[in-house]
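K.L.:
So I've got this file, query-v2.txt, and it contains compact mmCIF, C-alpha atoms:
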```
# COMPACT_ATOMS: atom_id res chain seq x y z
CA MET A 480 27.83 -88.12 109.49
CA ASN A 481 25.51 -90.97 108.64
CA THR A 482 23.28 -89.43 105.95
CA ARG A 483 21.12 -92.54 105.76
CA GLU A 484 20.29 -92.30 109.45
CA TYR A 485 19.66 -88.56 109.16
CA ILE A 486 17.25 -89.07 106.27
CA GLU A 487 15.39 -91.92 108.06
CA SER A 488 14.87 -89.79 111.18
CA GLY A 489 11.99 -88.06 109.39
CA VAL A 490 13.45 -84.54 109.92
CA LEU A 491 13.35 -83.77 106.20
CA GLU A 492 9.58 -84.32 106.00
CA LEU A 493 9.08 -81.88 108.85
CA TYR A 494 11.47 -79.50 107.06
CA ILE A 495 9.14 -79.53 104.04
CA PHE A 496 6.05 -79.26 106.25
CA GLY A 497 7.52 -76.10 107.80
CA LYS A 498 7.49 -77.61 111.29
CA LEU A 499 11.14 -77.08 112.27
CA SER A 500 12.67 -74.36 114.40
CA GLU A 501 14.96 -71.75 112.86
CA SER A 502 18.13 -73.52 114.06
CA GLU A 503 16.89 -76.91 112.85
CA ASN A 504 16.11 -75.32 109.47
CA LYS A 505 19.66 -74.00 109.19
CA GLU A 506 21.09 -77.40 110.09
CA VAL A 507 19.11 -79.08 107.30
CA GLN A 508 20.22 -76.33 104.94
CA VAL A 509 23.89 -76.95 105.76
CA TYR A 510 23.59 -80.74 105.28
CA ALA A 511 21.59 -80.30 102.06
CA ASN A 512 24.37 -78.15 100.61
CA GLU A 513 27.00 -80.61 101.76
CA TYR A 514 25.36 -83.94 100.86
CA PRO A 515 23.67 -84.33 97.46
CA GLU A 516 21.67 -87.36 98.63
CA ILE A 517 20.05 -85.22 101.33
CA LYS A 518 19.22 -82.49 98.82
CA GLN A 519 17.76 -85.04 96.44
CA GLU A 520 15.70 -86.59 99.22
CA ILE A 521 14.31 -83.14 100.13
CA GLU A 522 13.27 -82.51 96.52
CA SER A 523 11.54 -85.91 96.28
CA ILE A 524 9.56 -85.36 99.49
CA GLU A 525 8.59 -81.89 98.28
CA LYS A 526 7.41 -83.27 94.96
CA ALA A 527 5.21 -85.86 96.69
CA ILE A 528 3.71 -83.28 99.03
CA ILE A 529 3.01 -80.73 96.25
CA ASN A 530 1.27 -83.46 94.25
CA LEU A 531 -0.71 -84.58 97.27
CA SER A 532 -2.03 -81.12 98.12
CA TYR A 533 -2.62 -80.44 94.42
CA SER A 534 -4.74 -83.55 94.07
CA VAL A 535 -7.04 -82.73 96.97
CA ALA A 536 -7.81 -79.19 95.79
CA PRO A 537 -11.12 -78.43 94.10
CA ASN A 538 -10.90 -77.00 90.59
CA LEU A 539 -9.64 -73.44 90.38
CA SER A 540 -11.45 -71.38 87.75
CA LEU A 541 -9.69 -69.29 85.13
CA GLU A 542 -11.53 -66.42 86.77
CA ASN A 543 -9.49 -66.97 89.93
CA PHE A 544 -6.25 -66.74 87.96
CA ASN A 545 -7.38 -63.46 86.37
CA THR A 546 -8.59 -62.02 89.67
CA ILE A 547 -5.28 -62.69 91.41
CA ARG A 548 -3.25 -61.58 88.39
CA LYS A 549 -5.14 -58.29 88.42
CA ALA A 550 -4.66 -57.90 92.17
CA LEU A 551 -0.90 -58.36 91.86
CA LEU A 552 0.12 -56.96 88.51
CA GLU A 553 -2.34 -54.16 87.88
CA ARG A 554 -1.80 -52.79 91.36
CA GLU A 555 1.91 -52.53 90.66
CA ALA A 556 1.49 -51.54 87.03
CA SER A 557 -1.12 -48.87 87.65
CA VAL A 558 1.63 -46.27 87.70
CA VAL A 559 2.74 -47.07 84.16
CA THR A 560 -0.68 -47.85 82.68
CA MET A 561 -0.91 -45.73 79.57
CA GLN A 562 -4.64 -45.47 78.89
CA PRO A 563 -5.89 -43.36 81.78
CA LYS A 564 -2.75 -41.31 81.66
CA SER A 565 -3.14 -40.42 77.99
CA ASN A 566 -6.78 -39.65 78.59
CA ARG A 567 -5.83 -37.39 81.40
CA SER A 568 -3.21 -35.66 79.32
CA ALA A 569 -5.75 -35.26 76.50
CA TYR A 570 -8.15 -33.63 78.92
CA LEU A 571 -5.30 -31.54 80.25
CA GLY A 572 -4.42 -30.60 76.68
CA TRP A 573 -7.95 -29.45 75.93
CA ALA A 574 -8.12 -27.66 79.24
CA ALA A 575 -4.79 -25.96 78.54
CA SER A 576 -5.89 -24.94 75.05
CA PHE A 577 -9.09 -23.54 76.43
CA LEU A 578 -7.24 -21.61 79.09
CA LEU A 579 -4.76 -20.35 76.51
CA LEU A 580 -7.61 -19.20 74.29
CA LEU A 581 -9.28 -17.58 77.26
CA GLY A 582 -5.98 -15.95 78.22
CA ALA A 583 -5.34 -14.71 74.68
CA GLY A 584 -8.85 -13.29 74.50
CA PHE A 585 -8.38 -11.61 77.83
CA LEU A 586 -5.03 -10.15 76.77
CA TYR A 587 -6.53 -8.89 73.49
CA PHE A 588 -9.39 -7.34 75.44
CA GLN A 589 -6.92 -5.79 77.84
CA MET A 590 -4.77 -4.51 74.98
CA ASN A 591 -7.81 -2.81 73.47
CA GLN A 592 -8.72 -1.45 76.86
CA ASN A 593 -5.18 -0.16 77.24
CA ASP A 594 -5.35 1.42 73.80
CA ILE A 595 -8.54 3.17 74.77
CA LEU A 596 -7.07 4.20 78.08
CA LEU A 597 -3.92 5.45 76.38
CA LYS A 598 -5.98 7.41 73.85
CA ASN A 599 -8.09 8.80 76.65
CA SER A 600 -5.11 9.81 78.68
CA ASN A 601 -3.45 11.33 75.62
CA GLU A 602 -6.58 13.38 75.07
CA LYS A 603 -6.65 14.30 78.71
CA ASN A 604 -3.02 15.24 78.49
CA GLN A 605 -3.72 17.45 75.50
CA ASP A 606 -6.67 18.96 77.30
CA LEU A 607 -4.49 19.66 80.28
CA GLN A 608 -1.82 21.17 78.08
CA LYS A 609 -4.51 23.29 76.46
CA SER A 610 -5.71 24.33 79.88
CA VAL A 611 -2.18 25.21 80.81
CA VAL A 612 -1.81 27.26 77.65
CA THR A 613 -5.20 28.84 78.26
CA LEU A 614 -4.27 29.63 81.82
CA GLU A 615 -0.94 31.03 80.70
CA GLU A 616 -2.75 33.17 78.14
CA GLN A 617 -5.33 34.26 80.66
CA ASN A 618 -2.57 35.07 83.05
CA LYS A 619 -0.80 37.10 80.38
CA ASN A 620 -4.05 38.83 79.51
CA ASN A 621 -4.74 39.59 83.13
CA GLU A 622 -1.25 41.00 83.50
CA THR A 623 -1.77 43.12 80.43
CA LEU A 624 -5.06 44.38 81.77
CA LEU A 625 -3.61 44.97 85.21
CA ASN A 626 -0.74 46.91 83.70
CA LEU A 627 -3.28 48.82 81.64
CA PHE A 628 -5.12 49.92 84.74
CA LYS A 629 -2.00 50.49 86.87
CA ASP A 630 0.16 52.28 84.32
CA GLU A 631 0.20 55.98 85.18
CA ASN A 632 1.18 56.80 81.61
CA ASN A 633 -2.24 55.69 80.42
CA LYS A 634 -4.68 58.44 79.78
CA VAL A 635 -8.24 57.25 80.37
CA VAL A 636 -10.86 58.78 78.10
CA ALA A 637 -14.51 58.10 78.93
CA LEU A 638 -16.82 57.89 75.89
CA ALA A 639 -20.46 58.74 76.53
CA GLY A 640 -23.51 57.33 74.79
CA GLN A 641 -24.96 59.24 71.86
CA THR A 642 -28.39 59.60 70.24
CA VAL A 643 -28.53 56.04 68.82
CA ALA A 644 -27.57 54.43 72.13
CA PRO A 645 -27.81 56.83 75.06
CA GLU A 646 -27.07 54.08 77.58
CA ALA A 647 -23.89 52.98 75.84
CA LYS A 648 -20.48 53.89 77.18
CA ALA A 649 -16.86 52.99 76.60
CA LYS A 650 -13.36 53.78 77.90
CA ILE A 651 -10.15 54.45 76.05
CA TYR A 652 -6.77 53.68 77.64
CA TRP A 653 -4.22 55.66 75.69
CA ASN A 654 -0.58 55.31 76.66
CA GLN A 655 1.28 58.55 76.36
CA ASN A 656 4.69 56.90 76.09
CA ASP A 657 4.24 54.20 73.45
CA HIS A 658 0.94 55.64 72.06
CA SER A 659 -0.80 52.28 72.34
CA VAL A 660 -4.60 52.33 72.57
CA TYR A 661 -6.95 49.93 74.33
CA VAL A 662 -10.74 50.14 74.20
CA ASP A 663 -12.98 48.91 77.01
CA ALA A 664 -16.18 48.00 75.14
CA SER A 665 -17.96 46.33 78.06
CA GLY A 666 -20.52 49.16 78.08
CA LEU A 667 -21.49 48.66 74.44
CA PRO A 668 -24.40 46.48 73.41
CA GLU A 669 -23.68 43.31 71.42
CA PRO A 670 -23.34 44.39 67.77
CA PRO A 671 -26.14 43.11 65.48
CA LYS A 672 -25.24 40.36 63.06
CA GLY A 673 -23.23 41.50 60.06
CA HIS A 674 -22.06 44.63 61.85
CA VAL A 675 -18.94 45.61 63.76
CA TYR A 676 -17.86 48.52 65.96
CA GLN A 677 -15.16 50.71 64.49
CA VAL A 678 -12.97 53.02 66.59
CA TRP A 679 -11.92 56.46 65.35
CA SER A 680 -9.34 58.93 66.62
CA LEU A 681 -10.57 62.46 66.09
CA LYS A 682 -9.01 65.77 65.36
CA MET A 683 -11.47 68.46 66.33
CA ASP A 684 -10.57 71.40 64.11
CA PRO A 685 -11.49 70.56 61.51
CA LEU A 686 -13.26 67.34 62.60
CA THR A 687 -11.13 64.64 61.05
CA PRO A 688 -11.81 60.98 61.98
CA THR A 689 -9.07 58.41 61.49
CA SER A 690 -9.88 54.67 61.83
CA ILE A 691 -7.74 52.94 64.45
CA GLY A 692 -9.34 49.52 64.14
CA LEU A 693 -12.34 47.24 64.48
CA LEU A 694 -13.52 45.72 67.80
CA GLU A 695 -13.47 42.09 66.75
CA LYS A 696 -10.23 40.05 66.68
CA THR A 697 -8.04 41.83 69.13
CA GLU A 698 -9.98 41.26 72.31
CA ILE A 699 -7.81 40.55 75.32
CA GLY A 700 -9.22 37.28 76.64
CA LYS A 701 -12.90 37.70 77.26
CA SER A 702 -12.52 41.00 78.92
CA ARG A 703 -14.33 43.01 76.21
CA ILE A 704 -11.18 45.11 76.16
CA PHE A 705 -9.67 45.37 72.68
CA LYS A 706 -6.31 46.58 71.51
CA VAL A 707 -6.49 48.92 68.53
CA ASP A 708 -3.91 50.83 66.44
CA ASN A 709 -1.60 53.36 68.05
CA THR A 710 -2.26 57.03 67.76
CA ALA A 711 -0.05 59.92 68.76
CA ASP A 712 -2.12 62.99 68.38
CA ALA A 713 -5.80 62.25 69.05
CA GLU A 714 -8.01 64.94 70.53
CA GLY A 715 -11.02 62.72 70.92
CA PHE A 716 -12.28 59.18 70.28
CA GLY A 717 -15.51 57.93 68.76
CA ILE A 718 -17.06 54.51 68.13
CA THR A 719 -19.50 53.85 65.32
CA LEU A 720 -21.41 50.76 64.20
CA GLU A 721 -20.33 49.82 60.69
CA PRO A 722 -21.08 46.97 58.28
CA ALA A 723 -18.79 43.92 58.68
CA GLY A 724 -15.26 44.68 57.60
CA GLY A 725 -15.54 48.35 58.58
CA SER A 726 -15.84 51.55 56.55
CA ALA A 727 -13.42 54.16 55.19
CA ALA A 728 -15.41 56.93 56.81
CA PRO A 729 -17.57 56.78 59.93
CA THR A 730 -21.36 56.49 59.55
CA LEU A 731 -22.28 59.35 61.84
CA GLU A 732 -25.90 58.25 62.20
CA GLN A 733 -24.52 55.18 63.93
CA LEU A 734 -22.23 57.02 66.37
CA TYR A 735 -22.60 55.12 69.63
CA THR A 736 -20.10 56.82 71.91
CA LEU A 737 -17.93 59.89 71.80
CA GLY A 738 -15.43 61.51 74.18
CA LYS A 739 -12.78 64.24 74.26
CA VAL A 740 -9.30 63.73 75.52
CA MET B 720 13.01 -76.89 86.74
CA THR B 721 14.91 -76.54 90.02
CA GLN B 722 13.86 -74.09 92.71
CA GLU B 723 16.79 -71.83 91.77
CA GLU B 724 15.76 -71.67 88.10
CA LEU B 725 12.14 -71.10 89.06
CA LEU B 726 13.00 -68.29 91.49
CA ALA B 727 15.20 -66.53 88.94
CA GLN B 728 12.11 -66.24 86.71
CA ILE B 729 9.68 -65.34 89.51
CA TYR B 730 11.86 -62.57 90.92
CA LYS B 731 11.27 -60.60 87.71
CA LYS B 732 7.74 -60.01 89.03
CA ASP B 733 6.31 -59.57 85.55
CA ASN B 734 3.33 -61.19 83.87
CA LYS B 735 5.35 -64.30 82.99
CA ALA B 736 6.68 -64.55 86.55
CA PHE B 737 3.16 -64.48 87.94
CA THR B 738 1.91 -67.16 85.55
CA LEU B 739 4.82 -69.41 86.50
CA LEU B 740 4.27 -68.87 90.21
CA TYR B 741 0.54 -69.48 89.89
CA ASP B 742 0.91 -72.60 87.72
CA SER B 743 3.55 -74.06 90.03
CA TYR B 744 1.91 -73.53 93.40
CA ALA B 745 -1.62 -72.06 93.33
CA LYS B 746 -3.52 -75.30 93.26
CA SER B 747 -1.41 -76.99 95.92
CA LEU B 748 -1.79 -74.02 98.23
CA TYR B 749 -5.50 -73.94 97.42
CA GLY B 750 -5.68 -77.61 98.45
CA VAL B 751 -4.15 -76.79 101.83
CA ILE B 752 -6.39 -73.73 102.33
CA TYR B 753 -9.54 -75.56 101.25
CA ASN B 754 -8.75 -78.48 103.54
CA LEU B 755 -8.81 -76.02 106.44
CA LEU B 756 -11.79 -73.84 105.46
CA LYS B 757 -14.02 -76.32 103.59
CA ASP B 758 -15.56 -73.43 101.67
CA ARG B 759 -14.60 -72.75 98.08
CA GLU B 760 -15.35 -69.01 98.05
CA GLU B 761 -13.65 -68.47 101.39
CA ALA B 762 -10.68 -70.54 100.24
CA GLU B 763 -10.34 -68.57 96.98
CA ASP B 764 -10.43 -65.38 99.00
CA ILE B 765 -7.59 -66.61 101.22
CA LEU B 766 -5.67 -67.84 98.18
CA GLN B 767 -5.78 -64.32 96.76
CA GLU B 768 -4.75 -62.89 100.12
CA THR B 769 -1.88 -65.40 100.18
CA PHE B 770 -0.67 -64.42 96.71
CA VAL B 771 -0.79 -60.73 97.59
CA LYS B 772 1.40 -61.44 100.64
CA ILE B 773 3.77 -63.61 98.60
CA TRP B 774 4.11 -61.00 95.85
CA LYS B 775 4.63 -58.20 98.33
CA ASN B 776 7.22 -60.04 100.40
CA LEU B 777 9.00 -61.90 97.62
CA ASP B 778 12.22 -60.00 98.31
CA THR B 779 12.28 -61.16 101.95
CA TYR B 780 12.50 -64.87 101.09
CA ASP B 781 15.90 -66.50 101.35
CA GLU B 782 16.96 -70.12 101.40
CA SER B 783 17.96 -70.05 105.07
CA LYS B 784 14.23 -69.90 105.84
CA GLY B 785 13.73 -73.28 104.14
CA ARG B 786 12.33 -74.38 100.80
CA PHE B 787 10.45 -71.82 98.71
CA PHE B 788 7.40 -74.10 98.72
CA THR B 789 7.58 -74.31 102.51
CA TRP B 790 7.70 -70.51 102.74
CA LEU B 791 4.58 -70.31 100.53
CA LEU B 792 2.92 -73.12 102.51
CA ASN B 793 3.42 -71.30 105.81
CA ILE B 794 1.91 -68.08 104.42
CA ALA B 795 -1.10 -69.98 103.02
CA ARG B 796 -1.67 -72.14 106.07
CA ASN B 797 -1.30 -69.23 108.53
CA SER B 798 -3.69 -67.06 106.48
CA ALA B 799 -6.29 -69.84 106.46
CA ILE B 800 -5.86 -70.57 110.19
CA ASP B 801 -6.19 -66.84 110.96
CA ARG B 802 -9.46 -66.83 109.03
CA LEU B 803 -10.60 -69.93 110.89
CA ARG B 804 -9.94 -68.31 114.23
CA SER B 805 -11.90 -65.21 113.29
CA LYS B 806 -15.65 -64.87 113.85
CA ASN B 807 -17.66 -67.25 111.64
CA PHE B 808 -15.52 -70.38 111.74
CA ASN B 809 -15.67 -71.24 115.40
CA ASN B 810 -18.25 -73.98 114.90
CA ASN B 811 -16.48 -75.61 112.00
CA GLN B 812 -13.21 -75.74 113.90
CA LYS B 813 -14.61 -78.37 116.25
CA ASN B 814 -14.94 -80.74 113.32
CA LEU B 815 -11.40 -80.10 112.06
CA SER B 816 -9.93 -83.42 113.06
CA SER B 817 -12.81 -85.54 111.87
CA ASP B 818 -12.69 -84.22 108.29
CA ASN B 819 -9.50 -84.84 106.37
CA PHE B 820 -8.17 -84.43 102.86
CA VAL B 821 -9.47 -87.82 101.74
CA HIS B 822 -13.06 -86.84 102.57
CA ILE B 823 -12.50 -83.80 100.36
CA LEU B 824 -11.50 -86.14 97.54
CA ASP B 825 -14.92 -87.82 97.77
CA ASP B 826 -16.65 -84.43 97.73
CA ASN B 827 -14.63 -83.31 94.73
CA ALA B 828 -14.87 -86.51 92.76
CA ARG B 829 -18.05 -85.49 90.95
CA THR B 830 -16.67 -82.13 89.73
CA MET B 831 -13.08 -83.16 89.05
CA ASN B 832 -12.20 -83.94 85.46
CA LYS B 833 -8.44 -84.07 85.41
CA ILE B 834 -7.32 -87.62 84.74
CA ASP B 835 -3.93 -87.34 86.44
CA THR B 836 -5.50 -85.76 89.51
CA ILE B 837 -8.01 -88.58 89.77
CA GLY B 838 -5.05 -90.97 89.44
CA ILE B 839 -3.27 -89.42 92.42
CA GLN B 840 -6.53 -89.42 94.34
CA GLU B 841 -6.84 -93.15 93.88
CA PHE B 842 -3.34 -93.64 95.25
CA VAL B 843 -4.02 -91.30 98.17
CA LYS B 844 -7.08 -93.34 99.10
CA LYS B 845 -4.88 -96.41 99.30
CA LEU B 846 -2.93 -94.84 102.19
CA LYS B 847 -3.41 -96.47 105.59
CA PRO B 848 -6.08 -94.64 107.68
CA LYS B 849 -3.40 -93.91 110.31
CA CYS B 850 -1.22 -92.21 107.62
CA ILE B 851 -4.15 -90.18 106.30
CA GLN B 852 -4.80 -88.86 109.82
CA LEU B 853 -1.09 -88.17 110.47
CA ILE B 854 -0.46 -86.33 107.19
CA ASP B 855 -3.74 -84.46 107.52
CA LEU B 856 -2.87 -83.07 110.97
CA LEU B 857 0.85 -82.52 110.54
CA PHE B 858 0.95 -81.19 106.97
CA PHE B 859 -2.52 -79.88 106.06
CA LYS B 860 -3.63 -78.54 109.43
CA GLY B 861 -0.20 -77.52 110.69
CA TYR B 862 -0.37 -79.28 114.06
CA THR B 863 2.79 -79.53 116.16
CA GLN B 864 4.26 -82.96 116.93
CA GLN B 865 2.99 -82.52 120.51
CA GLU B 866 -0.58 -81.84 119.29
CA VAL B 867 -0.48 -84.80 116.90
CA SER B 868 0.81 -87.05 119.68
CA GLU B 869 -2.07 -86.03 121.95
CA THR B 870 -4.78 -86.13 119.27
CA LEU B 871 -3.81 -89.52 117.81
CA GLU B 872 -2.59 -90.94 121.13
CA ILE B 873 0.81 -91.99 119.82
CA PRO B 874 4.16 -91.45 121.62
CA LEU B 875 5.73 -88.05 120.86
CA GLY B 876 9.05 -89.68 119.92
CA THR B 877 7.45 -91.74 117.13
CA VAL B 878 5.49 -88.90 115.35
CA LYS B 879 8.48 -87.98 113.21
CA THR B 880 9.32 -91.51 112.10
CA GLN B 881 5.71 -92.61 111.65
CA ASN B 882 5.20 -89.58 109.42
CA ARG B 883 8.35 -90.55 107.52
CA ASN B 884 6.93 -94.01 106.90
CA CYS B 885 3.61 -92.61 105.67
CA ILE B 886 5.31 -90.20 103.25
CA ASN B 887 7.42 -93.10 101.99
CA GLU B 888 4.19 -94.99 101.35
CA LEU B 889 2.84 -92.04 99.37
CA ARG B 890 6.08 -91.74 97.41
CA ASN B 891 5.95 -95.43 96.54
CA LEU B 892 2.41 -95.01 95.26
CA LEU B 893 3.32 -91.89 93.28
CA ARG B 894 6.75 -93.27 92.29
CA VAL B 895 8.67 -90.17 93.41
```
The structure given in the file should be rewritten as structure tokens.
P.N.:
Amino acid sequence: MNTREYIESGVLELYIFGKLSESENKEVQVYANEYPEIKQEIESIEKAIINLSYSVAPNLSLENFNTIRKALLEREASVVTMQPKSNRSAYLGWAASFLLLLGAGFLYFQMNQNDILLKNSNEKNQDLQKSVVTLEEQNKNNETLLNLFKDENNKVVALAGQTVAPEAKAKIYWNQNDHSVYVDASGLPEPPKGHVYQVWSLKMDPLTPTSIGLLEKTEIGKSRIFKVDNTADAEGFGITLEPAGGSAAPTLEQLYTLGKV
Amino acid sequence: MTQEELLAQIYKKDNKAFTLLYDSYAKSLYGVIYNLLKDREEAEDILQETFVKIWKNLDTYDESKGRFFTWLLNIARNSAIDRLRSKNFNNNQKNLSSDNFVHILDDNARTMNKIDTIGIQEFVKKLKPKCIQLIDLLFFKGYTQQEVSETLEIPLGTVKTQNRNCINELRNLLRV
């Protein structure tokens, strides 16, 4: 290989100019690696050409350098640029705090609401339980009353109205087995304030009244039927209006109803 | 710095790599681009386009494709020629062969202030007119040997050697 001849052919200039085919390029590459004088010649030609093109260029402004640097580096670096990212995370932070605050407020509100709801439902529950108890009581009362009316052992004594209250009437249910006494007071007027009806069992000869109770606390439900004390040997029953708390002896002027067994 | 040392730095693709790449080649490539477009703004635009392509495709360069400068030169020259062929440059293209890089030197002379550049310019002007035409078409404008042969009316077989002689003349003037 005559390197001198190869260099003088002018192929290396075209190599620098970029005017060779791919295979010609590779050939030059091989010779350049093999022969230092060829490599050195290539570098000299390149140096001359770079200087030539450099010298004919108009001035490039610093602005151009910055513009291109931005176009290349900031495009690639935009992913790791800290400023906008930290701003964004700051905004995110504030947004998160706000949402947290909002959430906490909402939860507190909901907790209060739940408290109120719980209280309400507890009250409702109690009410329901009361209703159940009330119903159970009513049921019991009704049963008692039903038994009262059904029981064949009960002797019914009708009490008729007297001088003070001719329209008044009452009924006595007197059980002959257990001697229990119930008074149906639904036919009696509402007692005036500070007064109470008192029930007496009577022996006729001589007339001996015995108190068997007041018509106030022993009402069965709201039936106006009251349970009073037992009696075993009554011959009649009377009801008088007495001052609150009752009297030891009946006030006969205030005898409302009276009936014989 | 050899091409290998230069490339080792440039492949890092950091701020320093860019500065080195720009300082080493930007103005030379700009000279080639400007010689084709004859418009500073247009040429700066293509220079930026060229650098974007270079930066993006840096990994695809290997020595089997030729010198690194030649790789850059092809990207710059092709970008400028593409721009020339598009819309607005059809009229200017007709005048391509009549204007050459030495005319640009005259245009630039008033605004240039770099002493060493002016020095090279003086040497370049001392080139034979035939050499100025040959280098202008073959290197700056990227003509093929066939096109140069037809344009300058010289035998195809002598384009290569005549060019060699002209570059030798330049190297003697520049002492490289």
K.L.:
Could you tell me which of B:Val867, B:Ile752, B:Leu777, B:Ile800 comes closest to chain A if we count only C-alpha atoms?
P.N.:
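Of the candidates, the smallest distance to chain A is held by B:Ile752.
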K.L.:
Taking all atoms listed in the file into account, which residues of chain A are within 10 Å of chain B, as a short mmCIF file (atom, residue, chain, number, x, y, z; two decimals) with C-alpha atoms, in the coordinates of the input?
P.N.:
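Contents of out-v8.cif, as written:
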```
data_model
loop_
_atom_site.label_atom_id
_atom_site.label_comp_id
_atom_site.auth_asym_id
_atom_site.auth_seq_id
_atom_site.Cartn_x
_atom_site.Cartn_y
_atom_site.Cartn_z
CA ILE A 486 17.25 -89.07 106.27
CA GLU A 487 15.39 -91.92 108.06
CA SER A 488 14.87 -89.79 111.18
CA GLY A 489 11.99 -88.06 109.39
CA VAL A 490 13.45 -84.54 109.92
CA LEU A 491 13.35 -83.77 106.20
CA GLU A 492 9.58 -84.32 106.00
CA LEU A 493 9.08 -81.88 108.85
CA TYR A 494 11.47 -79.50 107.06
CA ILE A 495 9.14 -79.53 104.04
CA PHE A 496 6.05 -79.26 106.25
CA GLY A 497 7.52 -76.10 107.80
CA LYS A 498 7.49 -77.61 111.29
CA LEU A 499 11.14 -77.08 112.27
CA SER A 500 12.67 -74.36 114.40
CA GLU A 501 14.96 -71.75 112.86
CA SER A 502 18.13 -73.52 114.06
CA GLU A 503 16.89 -76.91 112.85
CA ASN A 504 16.11 -75.32 109.47
CA LYS A 505 19.66 -74.00 109.19
CA GLU A 506 21.09 -77.40 110.09
CA VAL A 507 19.11 -79.08 107.30
CA GLN A 508 20.22 -76.33 104.94
CA VAL A 509 23.89 -76.95 105.76
CA GLU A 520 15.70 -86.59 99.22
CA ILE A 521 14.31 -83.14 100.13
CA GLU A 522 13.27 -82.51 96.52
CA SER A 523 11.54 -85.91 96.28
CA ILE A 524 9.56 -85.36 99.49
CA GLU A 525 8.59 -81.89 98.28
CA LYS A 526 7.41 -83.27 94.96
CA ALA A 527 5.21 -85.86 96.69
CA ILE A 528 3.71 -83.28 99.03
CA ILE A 529 3.01 -80.73 96.25
CA ASN A 530 1.27 -83.46 94.25
CA LEU A 531 -0.71 -84.58 97.27
CA SER A 532 -2.03 -81.12 98.12
CA TYR A 533 -2.62 -80.44 94.42
CA SER A 534 -4.74 -83.55 94.07
CA VAL A 535 -7.04 -82.73 96.97
CA ALA A 536 -7.81 -79.19 95.79
CA PRO A 537 -11.12 -78.43 94.10
CA ASN A 538 -10.90 -77.00 90.59
CA LEU A 539 -9.64 -73.44 90.38
CA SER A 540 -11.45 -71.38 87.75
CA ASN A 543 -9.49 -66.97 89.93
CA PHE A 544 -6.25 -66.74 87.96
CA THR A 546 -8.59 -62.02 89.67
CA ILE A 547 -5.28 -62.69 91.41
CA ARG A 548 -3.25 -61.58 88.39
CA ALA A 550 -4.66 -57.90 92.17
CA LEU A 551 -0.90 -58.36 91.86
CA LEU A 552 0.12 -56.96 88.51
CA GLU A 553 -2.34 -54.16 87.88
CA GLU A 555 1.91 -52.53 90.66
CA ALA A 556 1.49 -51.54 87.03
#
```
K.L.:
What is the atom CA of Glu760 of chain B to atom CA of Leu803 of chain B distance in Å?
P.N.:
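Result for atom CA of Glu760 of chain B versus atom CA of Leu803 of chain B: 13.7 Å, one decimal.
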K.L.:
Suppose you want the space between atom CA of Asn621 of chain A and atom CA of Asp708 of chain A; what is it in Å?
P.N.:
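Atom-to-atom, atom CA of Asn621 of chain A to atom CA of Asp708 of chain A, that is 20.1 Å.
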K.L.:
Extract, using only C-alpha atoms, all DNA, RNA and protein residues at most 8 Å from Leu739 of chain B, discarding same-chain residues fewer than 4 positions from it, and format them as a PyMOL selection string.
P.N.:
chain B and resi 725+728-729+735+743
K.L.:
Please compute the atom CA of Ser702 of chain A-atom CA of Asn620 of chain A distance, one decimal, in Å.
P.N.:
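Taking atom CA of Ser702 of chain A as the start and atom CA of Asn620 of chain A as the end point, the length is 8.8 Å.
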K.L.:
I need the residue nearest Thr623 of chain A from this list: A:Ile595, A:Trp679, A:Gly700, A:Ala574. Use only C-alpha atoms for the distance.
P.N.:
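The answer is A:Gly700, which sits nearest to Thr623 of chain A.
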K.L.:
With all atoms listed in the file as the atoms that count, which of B:Leu755, B:Leu853, B:Leu740, B:Met720 lies nearest to Arg804 of chain B?
P.N.:
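Smallest distance to Arg804 of chain B is found for B:Leu755.
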K.L.:
Which residues come within 8 Å of Ser690 of chain A, counting only C-alpha atoms, excluding same-chain residues fewer than 3 positions away, as a list in words?
P.N.:
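Everything that qualifies: Gln677, Val678, Trp679, Ser680, Ala727 and Ala728 of chain A.
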